[in-house]
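Everything below belongs to run_2.txt, which stores compact mmCIF, C-alpha atoms.
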```txt
# COMPACT_ATOMS: atom_id res chain seq x y z
CA MET A 1 76.47 12.99 -14.90
CA THR A 2 73.82 10.36 -15.46
CA ASP A 3 71.18 13.04 -15.63
CA ARG A 4 73.22 14.94 -18.16
CA MET A 5 73.67 11.80 -20.27
CA HIS A 6 69.94 11.15 -20.30
CA ALA A 7 68.88 14.76 -20.54
CA GLN A 8 66.34 15.34 -23.29
CA PRO A 9 67.19 18.01 -25.84
CA PRO A 10 64.95 21.08 -25.55
CA ARG A 11 61.72 20.60 -27.44
CA GLN A 12 61.82 22.15 -30.90
CA VAL A 13 58.47 21.96 -32.64
CA PHE A 14 58.62 22.63 -36.38
CA ALA A 15 55.54 23.04 -38.53
CA VAL A 16 55.83 21.91 -42.14
CA ILE A 17 53.35 23.58 -44.47
CA PRO A 18 53.21 22.63 -48.14
CA ALA A 19 51.82 25.47 -50.23
CA PHE A 20 50.80 25.86 -53.84
CA ASN A 21 49.36 29.21 -54.94
CA GLU A 22 48.32 30.04 -51.36
CA GLY A 23 49.28 33.71 -51.48
CA ALA A 24 45.79 34.74 -50.41
CA ALA A 25 45.72 32.65 -47.23
CA ILE A 26 49.30 31.93 -46.21
CA ILE A 27 49.94 35.02 -44.09
CA ASP A 28 47.01 34.42 -41.73
CA VAL A 29 47.89 30.74 -41.43
CA LEU A 30 51.53 31.51 -40.60
CA ARG A 31 50.69 34.25 -38.10
CA GLU A 32 48.41 31.90 -36.21
CA CYS A 33 50.70 28.91 -36.54
CA ARG A 34 53.84 30.51 -35.17
CA ARG A 35 52.11 31.19 -31.88
CA HIS A 36 52.14 27.44 -31.33
CA VAL A 37 55.42 26.20 -32.79
CA ASP A 38 59.09 27.17 -32.60
CA ARG A 39 59.73 27.33 -36.33
CA ILE A 40 57.80 26.99 -39.56
CA VAL A 41 58.96 25.49 -42.84
CA VAL A 42 56.89 26.49 -45.86
CA VAL A 43 57.51 24.45 -48.99
CA ASP A 44 56.34 26.44 -51.98
CA ASP A 45 55.56 23.85 -54.62
CA ALA A 46 56.39 26.07 -57.60
CA SER A 47 53.52 28.49 -57.09
CA SER A 48 52.83 30.97 -59.86
CA ASP A 49 51.62 33.58 -57.36
CA ASP A 50 53.47 35.41 -54.57
CA THR A 51 53.26 32.62 -51.97
CA THR A 52 57.01 32.67 -51.32
CA GLN A 53 57.22 36.44 -50.85
CA ARG A 54 54.22 36.48 -48.52
CA ALA A 55 55.52 33.56 -46.47
CA LEU A 56 58.80 35.30 -45.69
CA MET A 57 58.23 36.42 -42.13
CA PRO A 58 60.21 35.94 -38.92
CA GLY A 59 60.41 32.36 -37.73
CA VAL A 60 59.66 31.00 -41.18
CA ASP A 61 61.97 29.22 -43.60
CA VAL A 62 60.76 28.95 -47.17
CA LEU A 63 61.90 26.27 -49.57
CA ARG A 64 60.82 26.39 -53.19
CA HIS A 65 60.49 23.46 -55.58
CA PRO A 66 61.61 24.52 -59.06
CA VAL A 67 58.75 22.46 -60.56
CA ASN A 68 55.37 21.48 -59.18
CA LEU A 69 55.64 18.03 -57.62
CA GLY A 70 52.64 17.67 -55.35
CA GLN A 71 51.76 17.89 -51.68
CA GLY A 72 53.38 14.58 -50.73
CA ALA A 73 56.70 15.61 -52.24
CA ALA A 74 56.51 19.02 -50.54
CA LEU A 75 55.89 17.38 -47.17
CA GLN A 76 58.90 15.10 -47.55
CA THR A 77 61.08 18.06 -48.53
CA GLY A 78 59.88 20.06 -45.52
CA ILE A 79 60.29 17.17 -43.09
CA THR A 80 63.83 16.51 -44.32
CA PHE A 81 64.68 20.19 -43.83
CA ALA A 82 63.07 20.39 -40.37
CA LEU A 83 65.02 17.35 -39.18
CA SER A 84 68.25 18.85 -40.48
CA ARG A 85 67.55 21.96 -38.36
CA GLY A 86 67.10 20.06 -35.11
CA ALA A 87 63.34 19.51 -34.92
CA THR A 88 62.25 17.23 -32.08
CA HIS A 89 58.63 17.24 -33.30
CA VAL A 90 57.30 17.83 -36.79
CA VAL A 91 53.76 19.09 -37.28
CA THR A 92 52.21 18.91 -40.74
CA LEU A 93 49.25 21.07 -41.68
CA ASP A 94 47.63 22.63 -44.71
CA ALA A 95 48.23 26.15 -46.00
CA ASP A 96 44.59 26.91 -46.79
CA GLY A 97 43.46 27.54 -43.22
CA GLN A 98 41.45 24.33 -42.85
CA HIS A 99 43.41 23.32 -39.76
CA ASP A 100 43.46 25.18 -36.46
CA PRO A 101 47.06 25.58 -35.21
CA ALA A 102 45.70 26.17 -31.70
CA GLU A 103 45.08 22.41 -31.58
CA ILE A 104 48.80 21.61 -31.95
CA GLY A 105 49.29 21.86 -28.19
CA GLY A 106 46.60 19.26 -27.56
CA MET A 107 48.18 16.92 -30.08
CA LEU A 108 51.61 17.26 -28.45
CA GLN A 109 50.03 16.68 -25.03
CA ALA A 110 48.26 13.53 -26.27
CA MET A 111 51.57 12.24 -27.67
CA ALA A 112 53.35 12.86 -24.38
CA THR A 113 50.58 11.26 -22.36
CA GLY A 114 50.44 8.17 -24.56
CA ASN A 115 54.21 8.14 -25.19
CA VAL A 116 53.56 7.56 -28.88
CA ASP A 117 55.42 8.32 -32.10
CA VAL A 118 52.63 9.98 -34.04
CA ALA A 119 49.49 12.02 -33.40
CA LEU A 120 46.88 11.83 -36.16
CA GLY A 121 44.18 14.46 -36.32
CA SER A 122 40.68 13.07 -36.69
CA ARG A 123 37.87 15.31 -37.95
CA PHE A 124 35.37 12.55 -37.24
CA LYS A 125 36.37 12.46 -33.57
CA GLY A 126 36.39 16.24 -33.56
CA ALA A 127 34.47 18.43 -35.97
CA ALA A 128 34.21 18.84 -39.72
CA ILE A 129 32.55 22.20 -40.13
CA GLY A 130 30.92 22.76 -43.49
CA ILE A 131 31.75 19.33 -44.89
CA SER A 132 29.53 18.25 -47.77
CA PRO A 133 27.65 14.92 -47.53
CA VAL A 134 29.49 13.65 -50.63
CA ARG A 135 32.90 14.46 -49.12
CA ARG A 136 31.89 12.82 -45.83
CA ASN A 137 30.81 9.62 -47.60
CA VAL A 138 33.93 9.47 -49.79
CA LEU A 139 36.11 9.91 -46.71
CA GLN A 140 34.23 7.20 -44.83
CA LEU A 141 34.83 4.83 -47.74
CA ALA A 142 38.52 5.80 -47.70
CA VAL A 143 38.63 5.07 -43.96
CA LEU A 144 37.21 1.58 -44.59
CA PHE A 145 39.78 1.07 -47.39
CA THR A 146 42.58 2.19 -45.06
CA ARG A 147 41.44 -0.12 -42.26
CA VAL A 148 41.44 -3.09 -44.63
CA THR A 149 44.78 -2.30 -46.31
CA THR A 150 46.76 -1.19 -43.24
CA GLY A 151 44.99 -2.81 -40.31
CA LEU A 152 45.00 0.55 -38.51
CA GLN A 153 41.67 1.17 -36.77
CA VAL A 154 41.65 4.86 -37.61
CA THR A 155 38.53 7.02 -37.76
CA ASP A 156 39.90 9.45 -40.35
CA CYS A 157 42.35 9.41 -43.23
CA HIS A 158 43.55 11.99 -45.73
CA ASN A 159 43.76 14.42 -42.85
CA GLY A 160 46.96 16.42 -43.21
CA PHE A 161 47.03 17.53 -39.57
CA ARG A 162 49.60 15.27 -37.89
CA VAL A 163 52.52 15.42 -35.45
CA PHE A 164 55.56 13.15 -35.61
CA THR A 165 58.42 12.77 -33.18
CA ALA A 166 61.78 13.36 -34.87
CA ALA A 167 62.53 9.63 -34.67
CA ALA A 168 59.25 8.75 -36.41
CA ALA A 169 59.68 11.51 -39.01
CA ARG A 170 63.15 10.16 -39.77
CA ARG A 171 61.72 6.69 -40.45
CA LEU A 172 58.94 8.03 -42.62
CA ARG A 173 59.48 7.79 -46.40
CA ILE A 174 56.90 9.60 -48.50
CA THR A 175 57.30 8.51 -52.11
CA GLN A 176 53.79 9.34 -53.29
CA ASN A 177 54.19 12.86 -54.59
CA ARG A 178 50.51 13.72 -54.84
CA MET A 179 47.48 13.11 -52.67
CA ALA A 180 48.02 9.35 -52.33
CA HIS A 181 50.75 10.29 -49.84
CA ALA A 182 48.06 10.45 -47.13
CA SER A 183 47.37 6.72 -47.56
CA GLU A 184 51.09 6.06 -47.80
CA VAL A 185 51.75 7.79 -44.47
CA LEU A 186 49.25 5.48 -42.76
CA GLU A 187 50.80 2.48 -44.55
CA GLU A 188 54.21 3.57 -43.25
CA ILE A 189 52.89 3.89 -39.70
CA ALA A 190 51.47 0.37 -39.90
CA ARG A 191 54.42 -1.23 -41.69
CA LYS A 192 57.05 0.33 -39.42
CA ARG A 193 54.95 -0.33 -36.33
CA MET A 194 54.93 3.27 -35.16
CA SER A 195 52.70 3.90 -32.18
CA TYR A 196 50.02 6.51 -32.70
CA VAL A 197 47.12 8.28 -31.10
CA GLU A 198 44.15 9.86 -32.81
CA VAL A 199 43.33 13.31 -31.55
CA PRO A 200 40.03 15.12 -32.20
CA VAL A 201 40.63 18.15 -34.42
CA THR A 202 38.50 20.69 -36.21
CA ILE A 203 38.53 21.01 -39.99
CA ARG A 204 36.84 24.07 -41.45
CA TYR A 205 35.62 23.79 -45.01
CA THR A 206 35.42 27.32 -46.33
CA ASP A 207 34.67 28.47 -49.87
CA TYR A 208 38.40 29.15 -50.25
CA SER A 209 39.51 25.73 -49.02
CA MET A 210 36.83 23.97 -51.06
CA ALA A 211 37.99 25.77 -54.20
CA LYS A 212 41.63 24.98 -53.43
CA GLY A 213 41.14 21.46 -52.13
CA GLN A 214 40.84 18.24 -54.05
CA SER A 215 37.64 17.11 -55.70
CA SER A 216 35.98 13.94 -54.42
CA LEU A 217 36.54 12.50 -57.91
CA ASN A 218 40.27 12.76 -57.20
CA SER A 219 39.84 9.66 -55.05
CA LEU A 220 39.98 7.68 -58.33
CA ASN A 221 43.38 9.21 -59.12
CA ILE A 222 44.55 8.34 -55.61
CA LEU A 223 43.40 4.75 -56.13
CA LEU A 224 45.30 4.58 -59.44
CA ASP A 225 48.45 5.96 -57.78
CA LEU A 226 48.18 3.32 -55.06
CA VAL A 227 47.74 0.52 -57.65
CA VAL A 228 50.84 1.71 -59.56
CA HIS A 229 52.70 1.90 -56.25
CA TRP A 230 51.67 -1.69 -55.49
CA LEU A 231 52.76 -2.88 -58.95
CA ARG A 232 56.27 -1.59 -58.32
CA LYS A 233 56.73 -3.81 -55.31
CA MET B 234 58.47 -17.91 -92.61
CA ILE B 235 55.85 -16.00 -90.62
CA ARG B 236 56.51 -18.33 -87.67
CA VAL B 237 60.18 -17.39 -87.67
CA LEU B 238 59.34 -13.68 -87.85
CA LEU B 239 56.83 -13.93 -84.98
CA THR B 240 59.29 -15.94 -82.93
CA VAL B 241 61.93 -13.24 -83.35
CA LEU B 242 59.45 -10.53 -82.40
CA LEU B 243 58.22 -12.43 -79.34
CA SER B 244 61.81 -13.09 -78.30
CA PHE B 245 62.13 -9.34 -77.88
CA GLY B 246 59.24 -9.72 -75.44
CA LEU B 247 61.34 -12.14 -73.41
CA VAL B 248 64.21 -9.66 -73.33
CA PHE B 249 61.75 -6.95 -72.28
CA ALA B 250 60.40 -9.18 -69.50
CA PHE B 251 63.86 -9.72 -68.03
CA ARG B 252 64.54 -5.99 -68.22
CA GLU B 253 61.45 -5.45 -66.06
CA TRP B 254 62.71 -7.84 -63.36
CA LYS B 255 64.27 -5.13 -61.24
CA GLN B 256 61.42 -2.67 -61.67
CA SER B 257 58.40 -4.89 -61.07
CA ARG B 258 58.14 -8.60 -60.33
CA VAL B 259 54.44 -8.49 -61.22
CA LEU B 260 55.11 -7.07 -64.69
CA PHE B 261 58.01 -9.46 -65.21
CA GLY B 262 55.72 -12.43 -64.56
CA ALA B 263 52.92 -11.02 -66.72
CA ILE B 264 55.15 -10.26 -69.73
CA LEU B 265 56.94 -13.59 -69.42
CA ALA B 266 53.67 -15.54 -69.28
CA LEU B 267 52.15 -13.65 -72.21
CA THR B 268 55.28 -13.97 -74.35
CA VAL B 269 55.70 -17.69 -73.69
CA GLY B 270 51.98 -18.13 -74.37
CA GLY B 271 52.38 -16.27 -77.66
CA LEU B 272 55.32 -18.45 -78.71
CA PHE B 273 53.30 -21.54 -77.86
CA PHE B 274 50.45 -20.44 -80.15
CA VAL B 275 52.86 -19.58 -82.97
CA TRP B 276 54.28 -23.09 -83.03
CA PHE B 277 51.18 -25.04 -81.97
CA ASP B 278 48.46 -23.08 -83.72
CA GLY B 279 46.03 -26.01 -83.64
CA ALA B 280 46.15 -25.89 -79.87
CA SER B 281 44.76 -22.34 -79.81
CA THR B 282 41.32 -23.48 -81.02
CA THR B 283 41.28 -26.37 -78.56
CA ILE B 284 42.23 -24.07 -75.66
CA ALA B 285 39.82 -21.38 -76.88
CA ASN B 286 36.96 -23.87 -76.91
CA ALA B 287 37.91 -25.08 -73.45
CA MET B 288 37.85 -21.47 -72.22
CA GLY B 289 34.50 -20.75 -73.81
CA VAL B 290 35.90 -18.66 -76.69
CA GLY B 291 34.64 -19.60 -80.16
CA ARG B 292 37.79 -19.42 -82.28
CA GLY B 293 41.49 -19.69 -81.63
CA ALA B 294 42.01 -16.40 -83.49
CA ASP B 295 39.70 -14.65 -81.03
CA LEU B 296 41.69 -16.02 -78.10
CA VAL B 297 44.93 -14.75 -79.63
CA LEU B 298 43.28 -11.34 -80.12
CA TYR B 299 42.29 -11.24 -76.45
CA ILE B 300 45.80 -12.17 -75.41
CA SER B 301 47.29 -9.46 -77.62
CA SER B 302 44.93 -6.95 -75.97
CA ALA B 303 46.21 -8.11 -72.60
CA ILE B 304 49.80 -7.68 -73.81
CA SER B 305 49.00 -4.11 -74.91
CA PHE B 306 47.55 -3.36 -71.48
CA VAL B 307 50.62 -4.72 -69.72
CA LEU B 308 52.87 -2.63 -71.96
CA VAL B 309 50.90 0.51 -71.12
CA VAL B 310 51.26 -0.22 -67.40
CA SER B 311 54.96 -0.83 -67.95
CA LEU B 312 55.32 2.58 -69.61
CA LEU B 313 53.40 4.14 -66.72
CA LEU B 314 55.91 2.66 -64.28
CA ARG B 315 58.79 3.96 -66.35
CA ILE B 316 57.29 7.45 -66.32
CA LYS B 317 56.90 7.19 -62.56
CA GLN B 318 60.55 6.21 -62.25
CA LEU B 319 61.58 9.29 -64.23
CA HIS B 320 59.30 11.41 -62.06
CA GLU B 321 61.05 10.09 -58.95
CA GLN B 322 64.38 11.20 -60.35
CA LEU B 323 62.90 14.61 -61.08
CA THR B 324 61.61 14.74 -57.50
CA GLN B 325 65.05 14.01 -56.06
CA LEU B 326 66.58 16.72 -58.21
CA ALA B 327 63.93 19.31 -57.35
CA ARG B 328 64.17 18.43 -53.65
CA ALA B 329 67.95 18.79 -53.66
CA ILE B 330 67.62 22.24 -55.27
CA ALA B 331 64.97 23.32 -52.74
CA LEU B 332 66.96 22.07 -49.73
CA ALA B 333 70.11 23.81 -50.95
CA ASN B 334 68.38 27.19 -51.21
CA PRO B 335 66.32 27.88 -48.08
CA VAL B 336 65.23 31.46 -47.54
CA SER B 337 64.53 32.69 -44.03
CA GLY B 338 62.02 35.38 -43.20
CA VAL B 339 63.56 38.65 -42.04
CA GLU B 340 62.67 40.33 -38.79
CA ALA B 341 61.75 43.55 -40.55
CA SER B 342 59.19 41.93 -42.79
CA SER B 343 56.53 44.42 -43.87
CA HIS B 344 53.63 42.09 -43.20
CA ASP B 345 54.87 40.85 -39.85
CA ALA B 346 52.40 41.38 -37.06
CA GLY B 347 52.71 38.41 -34.72
CA ASP B 348 55.09 37.03 -32.13
CA VAL B 349 57.20 33.97 -32.26
CA THR B 350 56.89 31.96 -29.09
```

In structure tokens, how does this file's structure come out?
Amino acid sequence: MTDRMHAQPPRQVFAVIPAFNEGAAIIDVLRECRRHVDRIVVVDDASSDDTTQRALMPGVDVLRHPVNLGQGAALQTGITFALSRGATHVVTLDADGQHDPAEIGGMLQAMATGNVDVALGSRFKGAAIGISPVRRNVLQLAVLFTRVTTGLQVTDCHNGFRVFTAAAARRLRITQNRMAHASEVLEEIARKRMSYVEVPVTIRYTDYSMAKGQSSLNSLNILLDLVVHWLRK
Amino acid sequence: MIRVLLTVLLSFGLVFAFREWKQSRVLFGAILALTVGGLFFVWFDGASTTIANAMGVGRGADLVLYISSAISFVLVVSLLLRIKQLHEQLTQLARAIALANPVSGVEASSHDAGDVT
């Protein structure tokens, strides 16, 4: 009886993948990803291409925003949906193939070993293949900024490869619709005192991901979003 | 006459400041300070030159110009916050629509080639 009362629910790992005009890459990403998770939630952020149609494969739920809101908004939508479907762990990763889903198992293992709420992927503990010197320097500055503003001694930030327990995902509130959400997630982890572990991961910068990804100049937009966010407090 | 007119106009600033209270304490304080400062200069215009000199600005009129620039900046930020608020409402609406209409992949998908584990 006691065992039954304390029995853990079976592990249900959901991947949440925000996608915007990723028709060219989404199928490969999903095929690889579903080998490592129980279910995938793709949030199509009002793509003008055939992302939704291509994402419709077994084991995948697709949600579609009627208007383009941004990656942060898509993540929050996907996380909300995953939790409503019984996820015990929520993995977030990009739709452009930068992240290697084969590393999800290692992240889950690190969480179990450390008994923590969140696993954060770190390309600077792992590998950043094909990263440009400018991008590396901008990210290092962002890491310094994050350490000062959150107190978290992280080695990477703006890395979308993360795993949350359901309890942590439930406490997370992403209000930054666009790329500033990555800083907001770390702020949330610090403010709500979630325990975390950084796990080495590999990020592959390909021509496709570089063309799809954000420009280093976008860091100024992110800074502006964070200032506006601060003003509203 | 002009003093009365300016006082009426700046009083709208006070109303605006109190409207901002719920949205942003920072903006509330900034608008309140700038509006009260403006009213002070309207009724004690001689003081503007004295304060300007103390602050290293040549003329009182220049100081008032700088303050009005600051007011414009604060108003722009205020509008930015209002746009953000509207965007949040749009986000909630779009999210509700997306969550209400999930589509699941079918087993017989033409491009399916992998296994779910």

In Å, rounded to a single decimal, give me how far CA of Thr92 (chain A) is from CA of Gly130 (chain A). 21.8 Å

Go through A:Gly114, A:Pro10, A:Gly72, A:Pro58 one by one, measure the shortest atom-to-atom distance of each to chain B using all atoms listed in the file, and give the residue with the smallest value.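 Of A:Gly114, A:Pro10, A:Gly72, A:Pro58, the one nearest chain B is A:Pro58, counting all atoms listed in the file.
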
Hey, which bits of chain A sit within 8 Å of chain B, and for each residue what's the closest pair of atoms and how far apart in Å (one decimal), counting all atoms listed in the file, rows by chain and increasing number, as JSON lines?
```
{"residue": "A:Arg31", "atom": "CA", "partner": "B:Gly347", "partner_atom": "CA", "distance": 5.7}
{"residue": "A:Glu32", "atom": "CA", "partner": "B:Gly347", "partner_atom": "CA", "distance": 7.9}
{"residue": "A:Arg34", "atom": "CA", "partner": "B:Val349", "partner_atom": "CA", "distance": 5.6}
{"residue": "A:Arg35", "atom": "CA", "partner": "B:Thr350", "partner_atom": "CA", "distance": 5.6}
{"residue": "A:His36", "atom": "CA", "partner": "B:Thr350", "partner_atom": "CA", "distance": 6.9}
{"residue": "A:Val37", "atom": "CA", "partner": "B:Thr350", "partner_atom": "CA", "distance": 7.0}
{"residue": "A:Asp38", "atom": "CA", "partner": "B:Thr350", "partner_atom": "CA", "distance": 6.3}
{"residue": "A:Arg54", "atom": "CA", "partner": "B:His344", "partner_atom": "CA", "distance": 7.8}
{"residue": "A:Ala55", "atom": "CA", "partner": "B:Gly338", "partner_atom": "CA", "distance": 7.5}
{"residue": "A:Leu56", "atom": "CA", "partner": "B:Gly338", "partner_atom": "CA", "distance": 4.1}
{"residue": "A:Met57", "atom": "CA", "partner": "B:Gly338", "partner_atom": "CA", "distance": 4.1}
{"residue": "A:Pro58", "atom": "CA", "partner": "B:Gly338", "partner_atom": "CA", "distance": 4.7}
{"residue": "A:Gly59", "atom": "CA", "partner": "B:Gly338", "partner_atom": "CA", "distance": 6.5}
{"residue": "A:Val60", "atom": "CA", "partner": "B:Gly338", "partner_atom": "CA", "distance": 5.4}
{"residue": "A:Asp61", "atom": "CA", "partner": "B:Ser337", "partner_atom": "CA", "distance": 4.3}
{"residue": "A:Val62", "atom": "CA", "partner": "B:Val336", "partner_atom": "CA", "distance": 5.1}
{"residue": "A:Leu63", "atom": "CA", "partner": "B:Pro335", "partner_atom": "CA", "distance": 4.9}
{"residue": "A:Arg64", "atom": "CA", "partner": "B:Ala331", "partner_atom": "CA", "distance": 5.2}
{"residue": "A:His65", "atom": "CA", "partner": "B:Ala331", "partner_atom": "CA", "distance": 5.3}
{"residue": "A:Pro66", "atom": "CA", "partner": "B:Ala327", "partner_atom": "CA", "distance": 6.0}
{"residue": "A:Val67", "atom": "CA", "partner": "B:Ala327", "partner_atom": "CA", "distance": 6.9}
{"residue": "A:Leu69", "atom": "CA", "partner": "B:Thr324", "partner_atom": "CA", "distance": 6.8}
{"residue": "A:Ala73", "atom": "CA", "partner": "B:Thr324", "partner_atom": "CA", "distance": 7.2}
{"residue": "A:Thr77", "atom": "CA", "partner": "B:Arg328", "partner_atom": "CA", "distance": 6.0}
{"residue": "A:Phe81", "atom": "CA", "partner": "B:Leu332", "partner_atom": "CA", "distance": 6.6}
{"residue": "A:Thr175", "atom": "CA", "partner": "B:Glu321", "partner_atom": "CA", "distance": 8.0}
{"residue": "A:Val228", "atom": "CA", "partner": "B:Leu314", "partner_atom": "CA", "distance": 7.0}
{"residue": "A:Leu231", "atom": "CA", "partner": "B:Val259", "partner_atom": "CA", "distance": 6.3}
{"residue": "A:Arg232", "atom": "CA", "partner": "B:Ser257", "partner_atom": "CA", "distance": 4.8}
{"residue": "A:Lys233", "atom": "CA", "partner": "B:Ser257", "partner_atom": "CA", "distance": 6.1}
```

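Checking A:Leu226, A:Ala102, A:Met210, A:Ala167 one by one against Gly86 (chain A), counting all atoms listed in the file, you find the shortest gap at A:Ala167.
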
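Each of B:Ile284, B:Ala250, B:Ala263, B:Val290 was checked against Phe306 (chain B) using all atoms listed in the file; the smallest atom-to-atom distance is that of B:Ala263.
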
When you look at Leu272 (chain B) with a cut-off of 7 Å (counting all atoms listed in the file), what residues show up, excluding the ones that are within fewer than 3 positions of it in the same chain? I need them as a PyMOL selection string. chain B and resi 240+243+268-269+275-276

Requested file, region 143-185 of chain A restricted to C-alpha atoms, as an mmCIF file, in the first residue's frame:
```cif
data_model
loop_
_atom_site.group_PDB
_atom_site.id
_atom_site.type_symbol
_atom_site.label_atom_id
_atom_site.label_comp_id
_atom_site.auth_asym_id
_atom_site.auth_seq_id
_atom_site.Cartn_x
_atom_site.Cartn_y
_atom_site.Cartn_z
ATOM 1 C CA VAL A 143 27.020 34.656 -20.195
ATOM 2 C CA LEU A 144 28.741 37.385 -18.150
ATOM 3 C CA PHE A 145 25.534 39.471 -18.271
ATOM 4 C CA THR A 146 23.493 36.463 -17.126
ATOM 5 C CA ARG A 147 25.873 35.708 -14.256
ATOM 6 C CA VAL A 148 25.621 39.295 -13.022
ATOM 7 C CA THR A 149 21.833 39.607 -13.398
ATOM 8 C CA THR A 150 20.804 36.150 -12.146
ATOM 9 C CA GLY A 151 23.683 35.013 -9.964
ATOM 10 C CA LEU A 152 23.684 31.668 -11.791
ATOM 11 C CA GLN A 153 27.235 30.516 -12.517
ATOM 12 C CA VAL A 154 26.336 29.113 -15.919
ATOM 13 C CA THR A 155 28.807 28.577 -18.750
ATOM 14 C CA ASP A 156 26.262 29.047 -21.544
ATOM 15 C CA CYS A 157 23.056 30.958 -22.133
ATOM 16 C CA HIS A 158 20.673 31.306 -25.054
ATOM 17 C CA ASN A 159 20.993 27.576 -25.533
ATOM 18 C CA GLY A 160 17.559 26.175 -26.286
ATOM 19 C CA PHE A 161 18.487 22.597 -25.363
ATOM 20 C CA ARG A 162 17.042 22.057 -21.881
ATOM 21 C CA VAL A 163 15.110 19.486 -19.851
ATOM 22 C CA PHE A 164 12.621 20.346 -17.105
ATOM 23 C CA THR A 165 10.825 18.092 -14.675
ATOM 24 C CA ALA A 166 7.055 18.527 -14.891
ATOM 25 C CA ALA A 167 7.075 20.337 -11.541
ATOM 26 C CA ALA A 168 9.705 22.814 -12.755
ATOM 27 C CA ALA A 169 7.967 23.283 -16.117
ATOM 28 C CA ARG A 170 4.731 24.036 -14.282
ATOM 29 C CA ARG A 171 6.442 26.789 -12.272
ATOM 30 C CA LEU A 172 8.087 28.286 -15.332
ATOM 31 C CA ARG A 173 6.390 31.375 -16.818
ATOM 32 C CA ILE A 174 7.778 32.510 -20.149
ATOM 33 C CA THR A 175 6.424 35.965 -20.915
ATOM 34 C CA GLN A 176 9.146 37.079 -23.309
ATOM 35 C CA ASN A 177 7.739 36.068 -26.660
ATOM 36 C CA ARG A 178 10.923 36.447 -28.671
ATOM 37 C CA MET A 179 14.551 35.577 -28.100
ATOM 38 C CA ALA A 180 14.818 37.328 -24.718
ATOM 39 C CA HIS A 181 12.933 34.302 -23.368
ATOM 40 C CA ALA A 182 16.287 32.503 -23.036
ATOM 41 C CA SER A 183 17.445 35.070 -20.461
ATOM 42 C CA GLU A 184 14.027 34.975 -18.833
ATOM 43 C CA VAL A 185 14.198 31.193 -18.375
#
```
